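Following: one structure in C-alpha cells, then a few remarks.
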Amino acid sequence: MHAVLQVLAFAWASPYTLLGASIGLVGLCTGGRVRRRGRIVEFYGGAVKWFITHLPSGQFTLAMTLGHTVLGQSDASLDIAREHEMVHVRQYERWGVLFGPAYLLASLGVWMRGGRAYRDNPFEREAYDEAGGD
Ligand SMILES: [Zn+2]
C-alpha cells in the first residue's frame, strides 16, 4: 500500500486500535504477552484471554481484531486465526470508524432475515471466503 494511504488507514482505524491496545495493556499487566507482526500488534494471554473467552460467541472464539490490533486466547490461536483476522484488518482500513456500526448493522439485518448473526454477516463471510478458519 502507498505510504500516504497507509498512514491514512492507520488514522482512520485508530479509535479501534486504541481500544484494542488498552485491552492489550490490561493483558500485559495480568501475565499476557505482546508481539508485532508487520503492521499489526498481537496481544494474547492474561486478561486478553479472559476477554476473548467471555465474548457472546464464547470460548470457541480464537481471536478478535480491533483496528491494527489482534487479541487472541494464546499465541497458537493467533497463528490459526491470522489469515482470517488480516481480512478484518483490511476491512477496518476500508471502513475506519464506521466499521463497528456497519458490522453491527449487518449482523442485525442478517438476524432479522432469519440468518446467523455472526456466520452470515457479510464481513465474516468475506473473511471466511478469503481465509477459511475462524
Ligand atoms: Zn471474523
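We label chains A, B, ... in the order they appear in the C-alpha cells, count residues from 1 in each chain, and number ligands from 1 in the order shown.
Taking only C-alpha atoms and all ligand atoms into account, every polymer residue with at least one atom at most 7 Å away from ligand 1 is listed here: His84, Glu85, His88, Glu124, Ala127 and Asp134 of chain A.
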Residues near Asp75 (chain A), cut-off 12 Å, only C-alpha atoms, skip fewer than 6 positions along chain, as a JSON list (two decimals) with C-alpha atoms, in the first residue's frame:
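The resulting file, selection_13.json, is shown below:
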[["chain", "number", "residue", "atom", "x", "y", "z"],
["A", 32, "GLY", "CA", -0.30, -11.60, 28.89],
["A", 33, "ARG", "CA", 2.17, -11.11, 26.05],
["A", 34, "VAL", "CA", 2.51, -8.88, 23.01],
["A", 35, "ARG", "CA", 4.23, -9.27, 19.64],
["A", 36, "ARG", "CA", 4.39, -7.36, 16.40],
["A", 37, "ARG", "CA", 3.53, -8.92, 13.03],
["A", 42, "GLU", "CA", -0.96, -9.03, 18.61],
["A", 43, "PHE", "CA", -1.85, -9.45, 22.29],
["A", 44, "TYR", "CA", -2.60, -12.77, 23.94],
["A", 45, "GLY", "CA", -2.94, -14.46, 27.31],
["A", 46, "GLY", "CA", -3.73, -12.92, 30.71],
["A", 48, "VAL", "CA", -6.92, -10.77, 26.98],
["A", 49, "LYS", "CA", -7.70, -14.49, 27.06],
["A", 62, "LEU", "CA", -9.81, -17.79, 18.94],
["A", 63, "ALA", "CA", -9.09, -14.15, 18.22],
["A", 81, "ALA", "CA", -6.69, -17.20, 13.07],
["A", 82, "ARG", "CA", -4.14, -14.88, 11.41]]
From a DSSP calculation on the backbone, collect every residue of region 2-126 of chain A in helix (DSSP H, G or I) and output the set as a PDB file with N, CA, C and O atoms, in the first residue's frame.
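Result went into out31.pdb, see below:
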ATOM      1  N   ALA A   3       2.480   4.721   0.973  1.00  0.00           N
ATOM      2  CA  ALA A   3       2.779   5.161   2.336  1.00  0.00           C
ATOM      3  C   ALA A   3       1.739   6.144   2.880  1.00  0.00           C
ATOM      4  O   ALA A   3       1.334   6.043   4.040  1.00  0.00           O
ATOM      5  N   VAL A   4       1.310   7.092   2.024  1.00  0.00           N
ATOM      6  CA  VAL A   4       0.327   8.079   2.490  1.00  0.00           C
ATOM      7  C   VAL A   4      -1.000   7.391   2.804  1.00  0.00           C
ATOM      8  O   VAL A   4      -1.633   7.652   3.830  1.00  0.00           O
ATOM      9  N   LEU A   5      -1.408   6.479   1.918  1.00  0.00           N
ATOM     10  CA  LEU A   5      -2.639   5.734   2.165  1.00  0.00           C
ATOM     11  C   LEU A   5      -2.533   4.902   3.430  1.00  0.00           C
ATOM     12  O   LEU A   5      -3.492   4.763   4.190  1.00  0.00           O
ATOM     13  N   GLN A   6      -1.321   4.340   3.666  1.00  0.00           N
ATOM     14  CA  GLN A   6      -1.128   3.522   4.868  1.00  0.00           C
ATOM     15  C   GLN A   6      -1.284   4.375   6.126  1.00  0.00           C
ATOM     16  O   GLN A   6      -1.920   3.946   7.090  1.00  0.00           O
ATOM     17  N   VAL A   7      -0.741   5.588   6.104  1.00  0.00           N
ATOM     18  CA  VAL A   7      -0.885   6.487   7.257  1.00  0.00           C
ATOM     19  C   VAL A   7      -2.365   6.817   7.479  1.00  0.00           C
ATOM     20  O   VAL A   7      -2.869   6.796   8.608  1.00  0.00           O
ATOM     21  N   LEU A   8      -3.062   7.123   6.375  1.00  0.00           N
ATOM     22  CA  LEU A   8      -4.491   7.435   6.490  1.00  0.00           C
ATOM     23  C   LEU A   8      -5.266   6.231   7.028  1.00  0.00           C
ATOM     24  O   LEU A   8      -6.167   6.377   7.850  1.00  0.00           O
ATOM     25  N   ALA A   9      -4.899   5.035   6.567  1.00  0.00           N
ATOM     26  CA  ALA A   9      -5.584   3.828   7.035  1.00  0.00           C
ATOM     27  C   ALA A   9      -5.366   3.635   8.538  1.00  0.00           C
ATOM     28  O   ALA A   9      -6.289   3.257   9.266  1.00  0.00           O
ATOM     29  N   PHE A  10      -4.122   3.908   9.017  1.00  0.00           N
ATOM     30  CA  PHE A  10      -3.861   3.802  10.456  1.00  0.00           C
ATOM     31  C   PHE A  10      -4.698   4.813  11.232  1.00  0.00           C
ATOM     32  O   PHE A  10      -5.299   4.486  12.263  1.00  0.00           O
ATOM     33  N   ALA A  11      -4.755   6.053  10.730  1.00  0.00           N
ATOM     34  CA  ALA A  11      -5.507   7.108  11.421  1.00  0.00           C
ATOM     35  C   ALA A  11      -7.001   6.788  11.438  1.00  0.00           C
ATOM     36  O   ALA A  11      -7.676   6.929  12.461  1.00  0.00           O
ATOM     37  N   TRP A  12      -7.498   6.329  10.319  1.00  0.00           N
ATOM     38  CA  TRP A  12      -8.927   6.044  10.108  1.00  0.00           C
ATOM     39  C   TRP A  12      -9.405   4.946  11.058  1.00  0.00           C
ATOM     40  O   TRP A  12     -10.523   4.980  11.557  1.00  0.00           O
ATOM     41  N   SER A  14      -7.813   4.190  13.914  1.00  0.00           N
ATOM     42  CA  SER A  14      -7.125   4.350  15.202  1.00  0.00           C
ATOM     43  C   SER A  14      -8.018   4.275  16.442  1.00  0.00           C
ATOM     44  O   SER A  14      -7.558   3.795  17.475  1.00  0.00           O
ATOM     45  N   PRO A  15      -9.302   4.713  16.396  1.00  0.00           N
ATOM     46  CA  PRO A  15     -10.102   4.552  17.625  1.00  0.00           C
ATOM     47  C   PRO A  15     -10.209   3.088  18.064  1.00  0.00           C
ATOM     48  O   PRO A  15     -10.159   2.787  19.259  1.00  0.00           O
ATOM     49  N   TYR A  16     -10.321   2.189  17.094  1.00  0.00           N
ATOM     50  CA  TYR A  16     -10.410   0.761  17.422  1.00  0.00           C
ATOM     51  C   TYR A  16      -9.052   0.226  17.857  1.00  0.00           C
ATOM     52  O   TYR A  16      -8.970  -0.598  18.775  1.00  0.00           O
ATOM     53  N   THR A  17      -7.993   0.717  17.208  1.00  0.00           N
ATOM     54  CA  THR A  17      -6.645   0.306  17.591  1.00  0.00           C
ATOM     55  C   THR A  17      -6.371   0.698  19.045  1.00  0.00           C
ATOM     56  O   THR A  17      -5.801  -0.089  19.811  1.00  0.00           O
ATOM     57  N   LEU A  18      -6.808   1.911  19.430  1.00  0.00           N
ATOM     58  CA  LEU A  18      -6.608   2.365  20.816  1.00  0.00           C
ATOM     59  C   LEU A  18      -7.363   1.484  21.796  1.00  0.00           C
ATOM     60  O   LEU A  18      -6.850   1.143  22.868  1.00  0.00           O
ATOM     61  N   LEU A  19      -8.586   1.113  21.425  1.00  0.00           N
ATOM     62  CA  LEU A  19      -9.366   0.226  22.293  1.00  0.00           C
ATOM     63  C   LEU A  19      -8.663  -1.125  22.436  1.00  0.00           C
ATOM     64  O   LEU A  19      -8.513  -1.642  23.557  1.00  0.00           O
ATOM     65  N   GLY A  20      -8.210  -1.675  21.297  1.00  0.00           N
ATOM     66  CA  GLY A  20      -7.504  -2.962  21.338  1.00  0.00           C
ATOM     67  C   GLY A  20      -6.233  -2.882  22.167  1.00  0.00           C
ATOM     68  O   GLY A  20      -5.939  -3.768  22.961  1.00  0.00           O
ATOM     69  N   ALA A  21      -5.480  -1.779  22.010  1.00  0.00           N
ATOM     70  CA  ALA A  21      -4.235  -1.606  22.762  1.00  0.00           C
ATOM     71  C   ALA A  21      -4.519  -1.461  24.252  1.00  0.00           C
ATOM     72  O   ALA A  21      -3.742  -1.940  25.088  1.00  0.00           O
ATOM     73  N   SER A  22      -5.641  -0.811  24.590  1.00  0.00           N
ATOM     74  CA  SER A  22      -6.000  -0.663  26.007  1.00  0.00           C
ATOM     75  C   SER A  22      -6.290  -2.010  26.637  1.00  0.00           C
ATOM     76  O   SER A  22      -5.828  -2.305  27.750  1.00  0.00           O
ATOM     77  N   ILE A  23      -7.059  -2.825  25.934  1.00  0.00           N
ATOM     78  CA  ILE A  23      -7.341  -4.176  26.435  1.00  0.00           C
ATOM     79  C   ILE A  23      -6.033  -4.968  26.505  1.00  0.00           C
ATOM     80  O   ILE A  23      -5.777  -5.685  27.472  1.00  0.00           O
ATOM     81  N   GLY A  24      -5.182  -4.782  25.474  1.00  0.00           N
ATOM     82  CA  GLY A  24      -3.901  -5.472  25.452  1.00  0.00           C
ATOM     83  C   GLY A  24      -3.014  -5.075  26.624  1.00  0.00           C
ATOM     84  O   GLY A  24      -2.328  -5.924  27.203  1.00  0.00           O
ATOM     85  N   LEU A  25      -3.032  -3.793  27.008  1.00  0.00           N
ATOM     86  CA  LEU A  25      -2.216  -3.334  28.146  1.00  0.00           C
ATOM     87  C   LEU A  25      -2.685  -3.970  29.444  1.00  0.00           C
ATOM     88  O   LEU A  25      -1.868  -4.335  30.292  1.00  0.00           O
ATOM     89  N   VAL A  26      -4.014  -4.080  29.609  1.00  0.00           N
ATOM     90  CA  VAL A  26      -4.527  -4.780  30.792  1.00  0.00           C
ATOM     91  C   VAL A  26      -4.030  -6.229  30.764  1.00  0.00           C
ATOM     92  O   VAL A  26      -3.631  -6.784  31.795  1.00  0.00           O
ATOM     93  N   GLY A  27      -4.013  -6.805  29.563  1.00  0.00           N
ATOM     94  CA  GLY A  27      -3.482  -8.164  29.411  1.00  0.00           C
ATOM     95  C   GLY A  27      -2.021  -8.255  29.857  1.00  0.00           C
ATOM     96  O   GLY A  27      -1.633  -9.177  30.576  1.00  0.00           O
ATOM     97  N   LEU A  28      -1.216  -7.256  29.451  1.00  0.00           N
ATOM     98  CA  LEU A  28       0.205  -7.278  29.803  1.00  0.00           C
ATOM     99  C   LEU A  28       0.416  -7.188  31.312  1.00  0.00           C
ATOM    100  O   LEU A  28       1.371  -7.734  31.851  1.00  0.00           O
ATOM    101  N   GLY A  46      -3.310 -13.790  29.615  1.00  0.00           N
ATOM    102  CA  GLY A  46      -3.735 -12.917  30.711  1.00  0.00           C
ATOM    103  C   GLY A  46      -5.191 -12.519  30.570  1.00  0.00           C
ATOM    104  O   GLY A  46      -6.047 -13.311  30.175  1.00  0.00           O
ATOM    105  N   ALA A  47      -5.476 -11.246  30.872  1.00  0.00           N
ATOM    106  CA  ALA A  47      -6.853 -10.752  30.796  1.00  0.00           C
ATOM    107  C   ALA A  47      -7.374 -10.745  29.366  1.00  0.00           C
ATOM    108  O   ALA A  47      -8.586 -10.744  29.150  1.00  0.00           O
ATOM    109  N   VAL A  48      -6.477 -10.722  28.380  1.00  0.00           N
ATOM    110  CA  VAL A  48      -6.923 -10.773  26.978  1.00  0.00           C
ATOM    111  C   VAL A  48      -7.630 -12.097  26.713  1.00  0.00           C
ATOM    112  O   VAL A  48      -8.687 -12.144  26.080  1.00  0.00           O
ATOM    113  N   LYS A  49      -7.054 -13.182  27.220  1.00  0.00           N
ATOM    114  CA  LYS A  49      -7.701 -14.490  27.057  1.00  0.00           C
ATOM    115  C   LYS A  49      -9.071 -14.486  27.742  1.00  0.00           C
ATOM    116  O   LYS A  49     -10.048 -14.994  27.196  1.00  0.00           O
ATOM    117  N   TRP A  50      -9.121 -13.930  28.947  1.00  0.00           N
ATOM    118  CA  TRP A  50     -10.399 -13.855  29.670  1.00  0.00           C
ATOM    119  C   TRP A  50     -11.425 -13.085  28.826  1.00  0.00           C
ATOM    120  O   TRP A  50     -12.553 -13.520  28.652  1.00  0.00           O
ATOM    121  N   PHE A  51     -11.021 -11.955  28.291  1.00  0.00           N
ATOM    122  CA  PHE A  51     -11.916 -11.123  27.475  1.00  0.00           C
ATOM    123  C   PHE A  51     -12.437 -11.905  26.263  1.00  0.00           C
ATOM    124  O   PHE A  51     -13.637 -11.932  25.993  1.00  0.00           O
ATOM    125  N   ILE A  52     -11.523 -12.550  25.553  1.00  0.00           N
ATOM    126  CA  ILE A  52     -11.898 -13.281  24.333  1.00  0.00           C
ATOM    127  C   ILE A  52     -12.885 -14.409  24.654  1.00  0.00           C
ATOM    128  O   ILE A  52     -13.856 -14.625  23.936  1.00  0.00           O
ATOM    129  N   THR A  53     -12.635 -15.112  25.756  1.00  0.00           N
ATOM    130  CA  THR A  53     -13.496 -16.259  26.074  1.00  0.00           C
ATOM    131  C   THR A  53     -14.813 -15.823  26.707  1.00  0.00           C
ATOM    132  O   THR A  53     -15.696 -16.652  26.893  1.00  0.00           O
ATOM    133  N   GLY A  58     -18.424 -16.809  22.951  1.00  0.00           N
ATOM    134  CA  GLY A  58     -17.969 -17.809  23.899  1.00  0.00           C
ATOM    135  C   GLY A  58     -16.556 -18.319  23.695  1.00  0.00           C
ATOM    136  O   GLY A  58     -15.741 -17.711  23.014  1.00  0.00           O
ATOM    137  N   GLN A  59     -16.261 -19.465  24.306  1.00  0.00           N
ATOM    138  CA  GLN A  59     -14.889 -19.935  24.403  1.00  0.00           C
ATOM    139  C   GLN A  59     -14.338 -20.467  23.087  1.00  0.00           C
ATOM    140  O   GLN A  59     -13.175 -20.831  23.008  1.00  0.00           O
ATOM    141  N   PHE A  60     -15.177 -20.537  22.043  1.00  0.00           N
ATOM    142  CA  PHE A  60     -14.692 -21.037  20.763  1.00  0.00           C
ATOM    143  C   PHE A  60     -14.048 -19.931  19.927  1.00  0.00           C
ATOM    144  O   PHE A  60     -13.469 -20.208  18.893  1.00  0.00           O
ATOM    145  N   ASP A  75      -0.841 -17.633  21.771  1.00  0.00           N
ATOM    146  CA  ASP A  75      -0.056 -17.431  20.557  1.00  0.00           C
ATOM    147  C   ASP A  75      -0.479 -18.420  19.480  1.00  0.00           C
ATOM    148  O   ASP A  75      -0.538 -18.086  18.299  1.00  0.00           O
ATOM    149  N   ALA A  76      -0.839 -19.645  19.885  1.00  0.00           N
ATOM    150  CA  ALA A  76      -1.269 -20.655  18.908  1.00  0.00           C
ATOM    151  C   ALA A  76      -2.580 -20.254  18.241  1.00  0.00           C
ATOM    152  O   ALA A  76      -2.747 -20.416  17.025  1.00  0.00           O
ATOM    153  N   SER A  77      -3.527 -19.720  19.026  1.00  0.00           N
ATOM    154  CA  SER A  77      -4.806 -19.338  18.413  1.00  0.00           C
ATOM    155  C   SER A  77      -4.622 -18.158  17.466  1.00  0.00           C
ATOM    156  O   SER A  77      -5.290 -18.059  16.441  1.00  0.00           O
ATOM    157  N   LEU A  78      -3.665 -17.272  17.773  1.00  0.00           N
ATOM    158  CA  LEU A  78      -3.366 -16.171  16.846  1.00  0.00           C
ATOM    159  C   LEU A  78      -2.806 -16.717  15.530  1.00  0.00           C
ATOM    160  O   LEU A  78      -3.149 -16.231  14.457  1.00  0.00           O
ATOM    161  N   ASP A  79      -1.946 -17.735  15.626  1.00  0.00           N
ATOM    162  CA  ASP A  79      -1.381 -18.327  14.407  1.00  0.00           C
ATOM    163  C   ASP A  79      -2.485 -18.953  13.554  1.00  0.00           C
ATOM    164  O   ASP A  79      -2.502 -18.800  12.337  1.00  0.00           O
ATOM    165  N   ILE A  80      -3.428 -19.637  14.196  1.00  0.00           N
ATOM    166  CA  ILE A  80      -4.517 -20.300  13.462  1.00  0.00           C
ATOM    167  C   ILE A  80      -5.427 -19.260  12.805  1.00  0.00           C
ATOM    168  O   ILE A  80      -5.868 -19.427  11.676  1.00  0.00           O
ATOM    169  N   ALA A  81      -5.695 -18.177  13.518  1.00  0.00           N
ATOM    170  CA  ALA A  81      -6.694 -17.203  13.067  1.00  0.00           C
ATOM    171  C   ALA A  81      -6.105 -16.102  12.188  1.00  0.00           C
ATOM    172  O   ALA A  81      -6.850 -15.281  11.655  1.00  0.00           O
ATOM    173  N   ARG A  82      -4.777 -16.063  11.993  1.00  0.00           N
ATOM    174  CA  ARG A  82      -4.135 -14.882  11.408  1.00  0.00           C
ATOM    175  C   ARG A  82      -4.733 -14.460  10.054  1.00  0.00           C
ATOM    176  O   ARG A  82      -5.049 -13.291   9.845  1.00  0.00           O
ATOM    177  N   GLU A  83      -4.883 -15.387   9.123  1.00  0.00           N
ATOM    178  CA  GLU A  83      -5.373 -15.008   7.790  1.00  0.00           C
ATOM    179  C   GLU A  83      -6.773 -14.413   7.872  1.00  0.00           C
ATOM    180  O   GLU A  83      -7.076 -13.420   7.215  1.00  0.00           O
ATOM    181  N   HIS A  84      -7.622 -15.030   8.684  1.00  0.00           N
ATOM    182  CA  HIS A  84      -8.991 -14.539   8.874  1.00  0.00           C
ATOM    183  C   HIS A  84      -8.967 -13.129   9.480  1.00  0.00           C
ATOM    184  O   HIS A  84      -9.652 -12.224   9.009  1.00  0.00           O
ATOM    185  N   GLU A  85      -8.153 -12.949  10.518  1.00  0.00           N
ATOM    186  CA  GLU A  85      -8.115 -11.646  11.191  1.00  0.00           C
ATOM    187  C   GLU A  85      -7.504 -10.578  10.278  1.00  0.00           C
ATOM    188  O   GLU A  85      -7.893  -9.409  10.347  1.00  0.00           O
ATOM    189  N   MET A  86      -6.576 -10.976   9.397  1.00  0.00           N
ATOM    190  CA  MET A  86      -5.992  -9.997   8.464  1.00  0.00           C
ATOM    191  C   MET A  86      -7.039  -9.472   7.477  1.00  0.00           C
ATOM    192  O   MET A  86      -6.959  -8.326   7.036  1.00  0.00           O
ATOM    193  N   VAL A  87      -8.031 -10.300   7.143  1.00  0.00           N
ATOM    194  CA  VAL A  87      -9.135  -9.807   6.311  1.00  0.00           C
ATOM    195  C   VAL A  87      -9.889  -8.719   7.086  1.00  0.00           C
ATOM    196  O   VAL A  87     -10.230  -7.667   6.540  1.00  0.00           O
ATOM    197  N   HIS A  88     -10.090  -8.947   8.392  1.00  0.00           N
ATOM    198  CA  HIS A  88     -10.766  -7.923   9.206  1.00  0.00           C
ATOM    199  C   HIS A  88      -9.920  -6.648   9.309  1.00  0.00           C
ATOM    200  O   HIS A  88     -10.459  -5.547   9.314  1.00  0.00           O
ATOM    201  N   VAL A  89      -8.606  -6.793   9.412  1.00  0.00           N
ATOM    202  CA  VAL A  89      -7.739  -5.600   9.437  1.00  0.00           C
ATOM    203  C   VAL A  89      -7.984  -4.766   8.183  1.00  0.00           C
ATOM    204  O   VAL A  89      -8.144  -3.544   8.250  1.00  0.00           O
ATOM    205  N   ARG A  90      -8.024  -5.432   7.017  1.00  0.00           N
ATOM    206  CA  ARG A  90      -8.258  -4.694   5.772  1.00  0.00           C
ATOM    207  C   ARG A  90      -9.654  -4.069   5.756  1.00  0.00           C
ATOM    208  O   ARG A  90      -9.855  -2.974   5.220  1.00  0.00           O
ATOM    209  N   GLN A  91     -10.630  -4.745   6.377  1.00  0.00           N
ATOM    210  CA  GLN A  91     -11.979  -4.161   6.481  1.00  0.00           C
ATOM    211  C   GLN A  91     -11.946  -2.899   7.351  1.00  0.00           C
ATOM    212  O   GLN A  91     -12.577  -1.896   7.013  1.00  0.00           O
ATOM    213  N   TYR A  92     -11.209  -2.952   8.468  1.00  0.00           N
ATOM    214  CA  TYR A  92     -11.056  -1.750   9.311  1.00  0.00           C
ATOM    215  C   TYR A  92     -10.398  -0.627   8.513  1.00  0.00           C
ATOM    216  O   TYR A  92     -10.752   0.543   8.659  1.00  0.00           O
ATOM    217  N   GLU A  93      -9.427  -0.979   7.673  1.00  0.00           N
ATOM    218  CA  GLU A  93      -8.740   0.053   6.894  1.00  0.00           C
ATOM    219  C   GLU A  93      -9.672   0.683   5.863  1.00  0.00           C
ATOM    220  O   GLU A  93      -9.526   1.856   5.535  1.00  0.00           O
ATOM    221  N   ARG A  94     -10.611  -0.092   5.352  1.00  0.00           N
ATOM    222  CA  ARG A  94     -11.585   0.449   4.386  1.00  0.00           C
ATOM    223  C   ARG A  94     -12.671   1.267   5.083  1.00  0.00           C
ATOM    224  O   ARG A  94     -13.032   2.343   4.635  1.00  0.00           O
ATOM    225  N   TRP A  95     -13.195   0.721   6.202  1.00  0.00           N
ATOM    226  CA  TRP A  95     -14.377   1.305   6.845  1.00  0.00           C
ATOM    227  C   TRP A  95     -14.032   2.274   7.970  1.00  0.00           C
ATOM    228  O   TRP A  95     -14.874   3.097   8.344  1.00  0.00           O
ATOM    229  N   GLY A  96     -12.845   2.149   8.547  1.00  0.00           N
ATOM    230  CA  GLY A  96     -12.405   3.053   9.609  1.00  0.00           C
ATOM    231  C   GLY A  96     -13.384   3.108  10.761  1.00  0.00           C
ATOM    232  O   GLY A  96     -13.880   2.072  11.208  1.00  0.00           O
ATOM    233  N   VAL A  97     -13.685   4.328  11.206  1.00  0.00           N
ATOM    234  CA  VAL A  97     -14.558   4.499  12.371  1.00  0.00           C
ATOM    235  C   VAL A  97     -15.952   3.925  12.122  1.00  0.00           C
ATOM    236  O   VAL A  97     -16.691   3.647  13.064  1.00  0.00           O
ATOM    237  N   LEU A  98     -16.311   3.738  10.853  1.00  0.00           N
ATOM    238  CA  LEU A  98     -17.650   3.217  10.536  1.00  0.00           C
ATOM    239  C   LEU A  98     -17.729   1.709  10.664  1.00  0.00           C
ATOM    240  O   LEU A  98     -18.813   1.133  10.575  1.00  0.00           O
ATOM    241  N   PHE A  99     -16.577   1.045  10.870  1.00  0.00           N
ATOM    242  CA  PHE A  99     -16.592  -0.411  10.843  1.00  0.00           C
ATOM    243  C   PHE A  99     -17.493  -1.000  11.929  1.00  0.00           C
ATOM    244  O   PHE A  99     -18.298  -1.899  11.647  1.00  0.00           O
ATOM    245  N   GLY A 100     -17.368  -0.517  13.161  1.00  0.00           N
ATOM    246  CA  GLY A 100     -18.176  -1.068  14.266  1.00  0.00           C
ATOM    247  C   GLY A 100     -19.666  -0.998  13.985  1.00  0.00           C
ATOM    248  O   GLY A 100     -20.366  -2.020  14.001  1.00  0.00           O
ATOM    249  N   PRO A 101     -20.194   0.226  13.698  1.00  0.00           N
ATOM    250  CA  PRO A 101     -21.631   0.328  13.386  1.00  0.00           C
ATOM    251  C   PRO A 101     -22.015  -0.502  12.157  1.00  0.00           C
ATOM    252  O   PRO A 101     -23.083  -1.138  12.161  1.00  0.00           O
ATOM    253  N   ALA A 102     -21.184  -0.503  11.119  1.00  0.00           N
ATOM    254  CA  ALA A 102     -21.514  -1.258   9.898  1.00  0.00           C
ATOM    255  C   ALA A 102     -21.598  -2.753  10.198  1.00  0.00           C
ATOM    256  O   ALA A 102     -22.507  -3.445   9.738  1.00  0.00           O
ATOM    257  N   TYR A 103     -20.651  -3.246  11.010  1.00  0.00           N
ATOM    258  CA  TYR A 103     -20.623  -4.665  11.359  1.00  0.00           C
ATOM    259  C   TYR A 103     -21.876  -5.029  12.162  1.00  0.00           C
ATOM    260  O   TYR A 103     -22.546  -6.027  11.874  1.00  0.00           O
ATOM    261  N   LEU A 104     -22.214  -4.188  13.148  1.00  0.00           N
ATOM    262  CA  LEU A 104     -23.382  -4.488  13.998  1.00  0.00           C
ATOM    263  C   LEU A 104     -24.679  -4.415  13.200  1.00  0.00           C
ATOM    264  O   LEU A 104     -25.568  -5.264  13.359  1.00  0.00           O
ATOM    265  N   LEU A 105     -24.797  -3.409  12.326  1.00  0.00           N
ATOM    266  CA  LEU A 105     -25.999  -3.301  11.496  1.00  0.00           C
ATOM    267  C   LEU A 105     -26.120  -4.482  10.543  1.00  0.00           C
ATOM    268  O   LEU A 105     -27.228  -4.989  10.318  1.00  0.00           O
ATOM    269  N   ALA A 106     -24.991  -4.933  10.016  1.00  0.00           N
ATOM    270  CA  ALA A 106     -25.012  -6.093   9.120  1.00  0.00           C
ATOM    271  C   ALA A 106     -25.495  -7.327   9.874  1.00  0.00           C
ATOM    272  O   ALA A 106     -26.337  -8.088   9.371  1.00  0.00           O
ATOM    273  N   SER A 107     -24.997  -7.517  11.107  1.00  0.00           N
ATOM    274  CA  SER A 107     -25.444  -8.658  11.916  1.00  0.00           C
ATOM    275  C   SER A 107     -26.933  -8.558  12.216  1.00  0.00           C
ATOM    276  O   SER A 107     -27.665  -9.553  12.139  1.00  0.00           O
ATOM    277  N   LEU A 108     -27.366  -7.351  12.560  1.00  0.00           N
ATOM    278  CA  LEU A 108     -28.793  -7.156  12.873  1.00  0.00           C
ATOM    279  C   LEU A 108     -29.662  -7.467  11.649  1.00  0.00           C
ATOM    280  O   LEU A 108     -30.680  -8.168  11.755  1.00  0.00           O
ATOM    281  N   GLY A 109     -29.252  -6.962  10.495  1.00  0.00           N
ATOM    282  CA  GLY A 109     -30.008  -7.191   9.268  1.00  0.00           C
ATOM    283  C   GLY A 109     -30.105  -8.672   8.923  1.00  0.00           C
ATOM    284  O   GLY A 109     -31.171  -9.174   8.570  1.00  0.00           O
ATOM    285  N   VAL A 110     -28.979  -9.364   9.058  1.00  0.00           N
ATOM    286  CA  VAL A 110     -28.945 -10.807   8.780  1.00  0.00           C
ATOM    287  C   VAL A 110     -29.866 -11.550   9.748  1.00  0.00           C
ATOM    288  O   VAL A 110     -30.654 -12.411   9.357  1.00  0.00           O
ATOM    289  N   TRP A 111     -29.764 -11.189  11.021  1.00  0.00           N
ATOM    290  CA  TRP A 111     -30.547 -11.852  12.068  1.00  0.00           C
ATOM    291  C   TRP A 111     -32.050 -11.619  11.853  1.00  0.00           C
ATOM    292  O   TRP A 111     -32.858 -12.540  11.987  1.00  0.00           O
ATOM    293  N   MET A 112     -32.418 -10.377  11.458  1.00  0.00           N
ATOM    294  CA  MET A 112     -33.841 -10.076  11.248  1.00  0.00           C
ATOM    295  C   MET A 112     -34.404 -10.828  10.047  1.00  0.00           C
ATOM    296  O   MET A 112     -35.606 -11.047   9.970  1.00  0.00           O
ATOM    297  N   PRO A 122     -21.890 -10.342   6.340  1.00  0.00           N
ATOM    298  CA  PRO A 122     -21.057 -10.244   5.137  1.00  0.00           C
ATOM    299  C   PRO A 122     -19.575  -9.989   5.417  1.00  0.00           C
ATOM    300  O   PRO A 122     -18.716 -10.433   4.650  1.00  0.00           O
ATOM    301  N   PHE A 123     -19.265  -9.301   6.516  1.00  0.00           N
ATOM    302  CA  PHE A 123     -17.861  -9.095   6.865  1.00  0.00           C
ATOM    303  C   PHE A 123     -17.203 -10.430   7.235  1.00  0.00           C
ATOM    304  O   PHE A 123     -16.041 -10.678   6.894  1.00  0.00           O
ATOM    305  N   GLU A 124     -17.939 -11.283   7.948  1.00  0.00           N
ATOM    306  CA  GLU A 124     -17.404 -12.604   8.303  1.00  0.00           C
ATOM    307  C   GLU A 124     -17.350 -13.504   7.078  1.00  0.00           C
ATOM    308  O   GLU A 124     -16.401 -14.271   6.906  1.00  0.00           O
ATOM    309  N   ARG A 125     -18.358 -13.401   6.235  1.00  0.00           N
ATOM    310  CA  ARG A 125     -18.356 -14.248   5.035  1.00  0.00           C
ATOM    311  C   ARG A 125     -17.144 -13.930   4.169  1.00  0.00           C
ATOM    312  O   ARG A 125     -16.508 -14.828   3.636  1.00  0.00           O
ATOM    313  N   GLU A 126     -16.836 -12.641   4.040  1.00  0.00           N
ATOM    314  CA  GLU A 126     -15.647 -12.261   3.279  1.00  0.00           C
ATOM    315  C   GLU A 126     -14.392 -12.867   3.913  1.00  0.00           C
ATOM    316  O   GLU A 126     -13.534 -13.423   3.219  1.00  0.00           O
TER     317      GLU A 126
END
Members of chain A assigned strand (DSSP E) by DSSP, as a PyMOL selection string: chain A and resi 33-37+40-44+63-66+69-72
Counting only C-alpha atoms, the residue of A:Val41, A:Ser74, A:Ser57, A:Gly31 that sits nearest Arg119 (chain A):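 Closest to Arg119 (chain A) of all the choices is A:Ser57.
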